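One file, final.cif, is given below (mmCIF, N, CA and C atoms).
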data_protein
loop_
_atom_site.label_atom_id
_atom_site.label_comp_id
_atom_site.auth_asym_id
_atom_site.auth_seq_id
_atom_site.Cartn_x
_atom_site.Cartn_y
_atom_site.Cartn_z
N MET A 1 -17.21 14.86 11.32
CA MET A 1 -16.93 13.64 10.60
C MET A 1 -16.94 12.47 11.59
N ARG A 2 -17.51 11.37 11.21
CA ARG A 2 -17.61 10.20 12.07
C ARG A 2 -16.26 9.50 12.19
N GLU A 3 -15.91 9.09 13.39
CA GLU A 3 -14.64 8.40 13.63
C GLU A 3 -14.76 6.91 13.36
N ASP A 4 -13.75 6.34 12.72
CA ASP A 4 -13.64 4.91 12.53
C ASP A 4 -12.79 4.41 13.70
N THR A 5 -13.42 3.79 14.68
CA THR A 5 -12.71 3.43 15.91
C THR A 5 -11.66 2.34 15.71
N THR A 6 -11.77 1.52 14.68
CA THR A 6 -10.78 0.47 14.49
C THR A 6 -9.46 1.01 13.98
N ALA A 7 -9.47 2.10 13.26
CA ALA A 7 -8.23 2.64 12.72
C ALA A 7 -7.79 3.92 13.42
N GLY A 8 -8.67 4.54 14.20
CA GLY A 8 -8.31 5.74 14.92
C GLY A 8 -8.16 6.98 14.05
N ARG A 9 -8.82 7.00 12.91
CA ARG A 9 -8.78 8.17 12.05
C ARG A 9 -10.15 8.35 11.41
N PRO A 10 -10.43 9.52 10.87
CA PRO A 10 -11.74 9.77 10.29
C PRO A 10 -12.09 8.78 9.19
N LYS A 11 -13.36 8.37 9.18
CA LYS A 11 -13.82 7.43 8.16
C LYS A 11 -13.63 8.06 6.78
N GLY A 12 -13.11 7.26 5.84
CA GLY A 12 -12.88 7.74 4.49
C GLY A 12 -11.52 8.39 4.29
N ALA A 13 -10.71 8.47 5.35
CA ALA A 13 -9.38 9.09 5.23
C ALA A 13 -8.47 8.18 4.41
N LYS A 14 -7.64 8.80 3.56
CA LYS A 14 -6.70 8.02 2.77
C LYS A 14 -5.47 7.72 3.60
N GLY A 15 -4.67 6.79 3.12
CA GLY A 15 -3.44 6.45 3.80
C GLY A 15 -3.67 5.42 4.90
N MET A 16 -2.62 5.11 5.62
CA MET A 16 -2.67 4.11 6.68
C MET A 16 -1.93 4.66 7.89
N SER A 17 -2.38 4.22 9.06
CA SER A 17 -1.70 4.63 10.29
C SER A 17 -0.40 3.84 10.43
N ARG A 18 0.47 4.31 11.28
CA ARG A 18 1.74 3.62 11.56
C ARG A 18 1.46 2.21 12.07
N GLU A 19 0.48 2.07 12.94
CA GLU A 19 0.13 0.76 13.51
C GLU A 19 -0.35 -0.20 12.43
N GLU A 20 -1.16 0.31 11.51
CA GLU A 20 -1.65 -0.53 10.41
C GLU A 20 -0.48 -0.99 9.53
N LEU A 21 0.43 -0.07 9.24
CA LEU A 21 1.58 -0.41 8.40
C LEU A 21 2.45 -1.47 9.04
N LEU A 22 2.72 -1.33 10.33
CA LEU A 22 3.60 -2.28 11.01
C LEU A 22 2.96 -3.65 11.21
N ALA A 23 1.64 -3.74 11.07
CA ALA A 23 0.94 -5.01 11.23
C ALA A 23 0.74 -5.75 9.91
N LEU A 24 1.26 -5.22 8.81
CA LEU A 24 1.06 -5.84 7.51
C LEU A 24 1.83 -7.16 7.39
N PRO A 25 1.31 -8.12 6.59
CA PRO A 25 2.04 -9.36 6.34
C PRO A 25 3.25 -9.11 5.43
N VAL A 26 3.98 -10.16 5.08
CA VAL A 26 5.21 -10.07 4.30
C VAL A 26 5.00 -9.38 2.95
N SER A 27 3.89 -9.64 2.32
CA SER A 27 3.56 -8.92 1.08
C SER A 27 2.07 -8.60 1.11
N VAL A 28 1.70 -7.55 0.38
CA VAL A 28 0.32 -7.10 0.38
C VAL A 28 -0.16 -6.87 -1.05
N GLU A 29 -1.46 -6.84 -1.24
CA GLU A 29 -2.02 -6.55 -2.55
C GLU A 29 -1.63 -5.14 -2.97
N LEU A 30 -1.59 -4.91 -4.26
CA LEU A 30 -1.20 -3.61 -4.78
C LEU A 30 -2.12 -2.50 -4.26
N ASP A 31 -3.40 -2.78 -4.10
CA ASP A 31 -4.32 -1.77 -3.59
C ASP A 31 -3.93 -1.31 -2.18
N THR A 32 -3.43 -2.24 -1.36
CA THR A 32 -2.99 -1.88 -0.01
C THR A 32 -1.72 -1.03 -0.08
N GLY A 33 -0.79 -1.41 -0.96
CA GLY A 33 0.42 -0.60 -1.16
C GLY A 33 0.07 0.80 -1.65
N ASN A 34 -0.88 0.87 -2.57
CA ASN A 34 -1.33 2.17 -3.07
C ASN A 34 -1.88 3.02 -1.94
N ARG A 35 -2.68 2.42 -1.09
CA ARG A 35 -3.28 3.15 0.04
C ARG A 35 -2.20 3.67 0.98
N ALA A 36 -1.21 2.82 1.27
CA ALA A 36 -0.13 3.22 2.17
C ALA A 36 0.67 4.39 1.60
N LEU A 37 0.80 4.43 0.29
CA LEU A 37 1.58 5.47 -0.36
C LEU A 37 0.74 6.67 -0.80
N GLY A 38 -0.57 6.55 -0.62
CA GLY A 38 -1.45 7.65 -1.01
C GLY A 38 -1.63 7.74 -2.52
N LEU A 39 -1.46 6.62 -3.21
CA LEU A 39 -1.64 6.57 -4.67
C LEU A 39 -3.05 6.13 -5.00
N GLY A 40 -3.58 6.66 -6.07
CA GLY A 40 -4.87 6.19 -6.58
C GLY A 40 -4.70 4.83 -7.22
N ARG A 41 -5.80 4.11 -7.35
CA ARG A 41 -5.76 2.76 -7.92
C ARG A 41 -5.17 2.75 -9.34
N SER A 42 -5.66 3.60 -10.21
CA SER A 42 -5.20 3.64 -11.60
C SER A 42 -3.72 3.96 -11.69
N LYS A 43 -3.28 4.96 -10.95
CA LYS A 43 -1.87 5.37 -10.97
C LYS A 43 -0.97 4.25 -10.45
N GLY A 44 -1.39 3.59 -9.36
CA GLY A 44 -0.60 2.49 -8.80
C GLY A 44 -0.43 1.34 -9.78
N TYR A 45 -1.51 0.95 -10.44
CA TYR A 45 -1.44 -0.13 -11.42
C TYR A 45 -0.62 0.28 -12.64
N GLU A 46 -0.74 1.53 -13.05
CA GLU A 46 0.05 2.03 -14.17
C GLU A 46 1.54 1.95 -13.85
N LEU A 47 1.93 2.41 -12.66
CA LEU A 47 3.33 2.37 -12.25
C LEU A 47 3.85 0.93 -12.15
N ALA A 48 3.04 0.04 -11.58
CA ALA A 48 3.45 -1.36 -11.44
C ALA A 48 3.63 -2.01 -12.81
N LYS A 49 2.70 -1.75 -13.70
CA LYS A 49 2.76 -2.33 -15.05
C LYS A 49 4.01 -1.87 -15.80
N ARG A 50 4.42 -0.60 -15.60
CA ARG A 50 5.61 -0.06 -16.27
C ARG A 50 6.90 -0.36 -15.52
N GLY A 51 6.81 -1.03 -14.36
CA GLY A 51 8.01 -1.31 -13.57
C GLY A 51 8.55 -0.08 -12.87
N GLN A 52 7.68 0.91 -12.60
CA GLN A 52 8.11 2.16 -11.99
C GLN A 52 7.49 2.40 -10.61
N TYR A 53 6.94 1.35 -10.01
CA TYR A 53 6.37 1.49 -8.67
C TYR A 53 7.50 1.87 -7.71
N PRO A 54 7.24 2.71 -6.72
CA PRO A 54 8.33 3.21 -5.87
C PRO A 54 8.99 2.18 -4.95
N CYS A 55 8.46 0.97 -4.87
CA CYS A 55 9.12 -0.08 -4.10
C CYS A 55 8.91 -1.41 -4.83
N LYS A 56 9.54 -2.47 -4.33
CA LYS A 56 9.53 -3.75 -5.02
C LYS A 56 8.12 -4.33 -5.13
N VAL A 57 7.76 -4.75 -6.35
CA VAL A 57 6.46 -5.36 -6.63
C VAL A 57 6.72 -6.70 -7.30
N LEU A 58 6.02 -7.73 -6.84
CA LEU A 58 6.12 -9.06 -7.44
C LEU A 58 4.91 -9.28 -8.34
N ARG A 59 5.12 -9.87 -9.49
CA ARG A 59 4.02 -10.21 -10.39
C ARG A 59 3.77 -11.70 -10.24
N LEU A 60 2.59 -12.07 -9.75
CA LEU A 60 2.22 -13.46 -9.55
C LEU A 60 0.99 -13.75 -10.40
N GLY A 61 1.21 -14.29 -11.60
CA GLY A 61 0.11 -14.48 -12.54
C GLY A 61 -0.40 -13.12 -12.96
N ASN A 62 -1.68 -12.88 -12.73
CA ASN A 62 -2.28 -11.59 -13.06
C ASN A 62 -2.27 -10.62 -11.89
N ALA A 63 -1.76 -11.06 -10.76
CA ALA A 63 -1.80 -10.24 -9.54
C ALA A 63 -0.44 -9.59 -9.27
N TYR A 64 -0.48 -8.42 -8.65
CA TYR A 64 0.71 -7.72 -8.18
C TYR A 64 0.71 -7.77 -6.66
N ARG A 65 1.89 -8.04 -6.08
CA ARG A 65 2.06 -8.02 -4.63
C ARG A 65 3.21 -7.08 -4.30
N VAL A 66 3.01 -6.23 -3.30
CA VAL A 66 4.04 -5.29 -2.85
C VAL A 66 4.78 -5.93 -1.68
N VAL A 67 6.11 -5.90 -1.73
CA VAL A 67 6.93 -6.44 -0.64
C VAL A 67 6.89 -5.45 0.52
N THR A 68 6.35 -5.90 1.64
CA THR A 68 6.11 -5.01 2.78
C THR A 68 7.39 -4.40 3.33
N ALA A 69 8.48 -5.17 3.39
CA ALA A 69 9.76 -4.63 3.92
C ALA A 69 10.21 -3.44 3.09
N ASP A 70 10.08 -3.52 1.77
CA ASP A 70 10.46 -2.39 0.91
C ASP A 70 9.53 -1.21 1.11
N LEU A 71 8.25 -1.50 1.28
CA LEU A 71 7.26 -0.45 1.51
C LEU A 71 7.56 0.29 2.82
N LEU A 72 7.84 -0.45 3.88
CA LEU A 72 8.15 0.16 5.18
C LEU A 72 9.44 0.97 5.12
N GLN A 73 10.44 0.46 4.38
CA GLN A 73 11.70 1.20 4.24
C GLN A 73 11.46 2.51 3.51
N LEU A 74 10.68 2.47 2.44
CA LEU A 74 10.37 3.68 1.69
C LEU A 74 9.68 4.72 2.56
N LEU A 75 8.82 4.25 3.47
CA LEU A 75 8.08 5.14 4.35
C LEU A 75 8.86 5.51 5.62
N GLY A 76 10.08 5.01 5.74
CA GLY A 76 10.91 5.33 6.90
C GLY A 76 10.50 4.60 8.16
N LEU A 77 9.86 3.44 8.01
CA LEU A 77 9.41 2.67 9.18
C LEU A 77 10.13 1.35 9.33
N ALA A 78 11.19 1.10 8.56
CA ALA A 78 11.92 -0.15 8.63
C ALA A 78 12.61 -0.29 9.98
N ALA A 79 12.67 -1.53 10.44
CA ALA A 79 13.32 -1.80 11.73
C ALA A 79 14.81 -1.81 11.62
#

As structure tokens, what does this structure read like?
Amino acid sequence: MREDTTAGRPKGAKGMSREELLALPVSVELDTGNRALGLGRSKGYELAKRGQYPCKVLRLGNAYRVVTADLLQLLGLAA
């Protein structure tokens, strides 16, 4: 399998590295939160729409944003 040198993991691998997670801005798009949690796109949007996403999600117009601090705490990476 070909290596993706920017992320240090095999190309096409799901999830995010610890370094990628710690470099995230204050909030991220729902797709990024889904990737960090290993959720598929449909499942992530379904959970957000029902208010059952595993961490805090903000609804801004038609967009969902995941609060990075809550995401990191859920993953055990909070400072």

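The point (9.6, -9.5, 3.0) has these residues within 7 Å of it, counting only C-alpha atoms: Val26, Ser27, Val67, Thr68 and Ala69 of chain A.
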
For Leu75 in chain A, the nearest of the candidates A:Arg18, A:Asn62, A:Gly44, A:Leu30, counting only C-alpha atoms: A:Arg18

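Distances here use only C-alpha atoms; by that measure, the residue among A:Glu20, A:Tyr45, A:Gly15, A:Gly40 closest to Arg65 in chain A is A:Tyr45.
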
Within 12 Å of Lys49 in chain A using only C-alpha atoms, minus same-chain residues under 6 positions, as a list in words: Leu30, Ser42, Lys43, Val57, Leu58, Arg59, Asn62, Ala63, Tyr64 and Arg65 of chain A

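Distance check against Ser17 in chain A using only N, CA and C atoms: of A:Val66, A:Leu72, A:Cys55, A:Ala36, the minimum falls on A:Ala36.
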
Those of chain A in DSSP strand (DSSP E), formatted as a list in words: Glu3, Asp4, Arg9, Pro10, Ser27, Val28, Glu29, Val57, Leu58, Arg59, Leu60, Ala63, Tyr64, Arg65, Val66 and Val67 of chain A

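Between atom N of Arg35 in chain A and CA of Leu22 in chain A the separation is 14.4 Å.
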
Selection: 7 Å around Pro54 in chain A, all atoms listed in the file, excl. self and same-chain fewer than 6 positions, as a PyMOL selection string: chain A and resi 47-48+70+74

Residue list (alpha helix (DSSP H), DSSP) for range 3-79 of chain A, as a list of chain:residue names: A:Arg18, A:Glu19, A:Glu20, A:Leu21, A:Leu22, A:Leu30, A:Asp31, A:Thr32, A:Gly33, A:Asn34, A:Arg35, A:Ala36, A:Leu37, A:Arg41, A:Ser42, A:Lys43, A:Gly44, A:Tyr45, A:Glu46, A:Leu47, A:Ala48, A:Lys49, A:Thr68, A:Ala69, A:Asp70, A:Leu71, A:Leu72, A:Gln73, A:Leu74

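Each of A:Leu71, A:Gly76, A:Lys56, A:Arg50 was compared to Pro25 in chain A using only C-alpha atoms, and A:Leu71 turns out to be the nearest.
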
Interatomic distance, CA of Gln52 in chain A to CA of Glu29 in chain A (Å, one decimal): 16.4 Å

Interatomic distance, atom N of Met16 in chain A to atom C of Leu39 in chain A (Å, one decimal): 10.7 Å

Using all atoms of range 23-33 of chain A listed in the file and a margin of 3 Å per side, can you give the axis-aligned box centre and edge lengths in Å to one decimal, as lines of an AutoDock Vina configuration file?
center_x = 0.4
center_y = -4.7
center_z = 3.2
size_x = 15.5
size_y = 17.0
size_z = 22.0
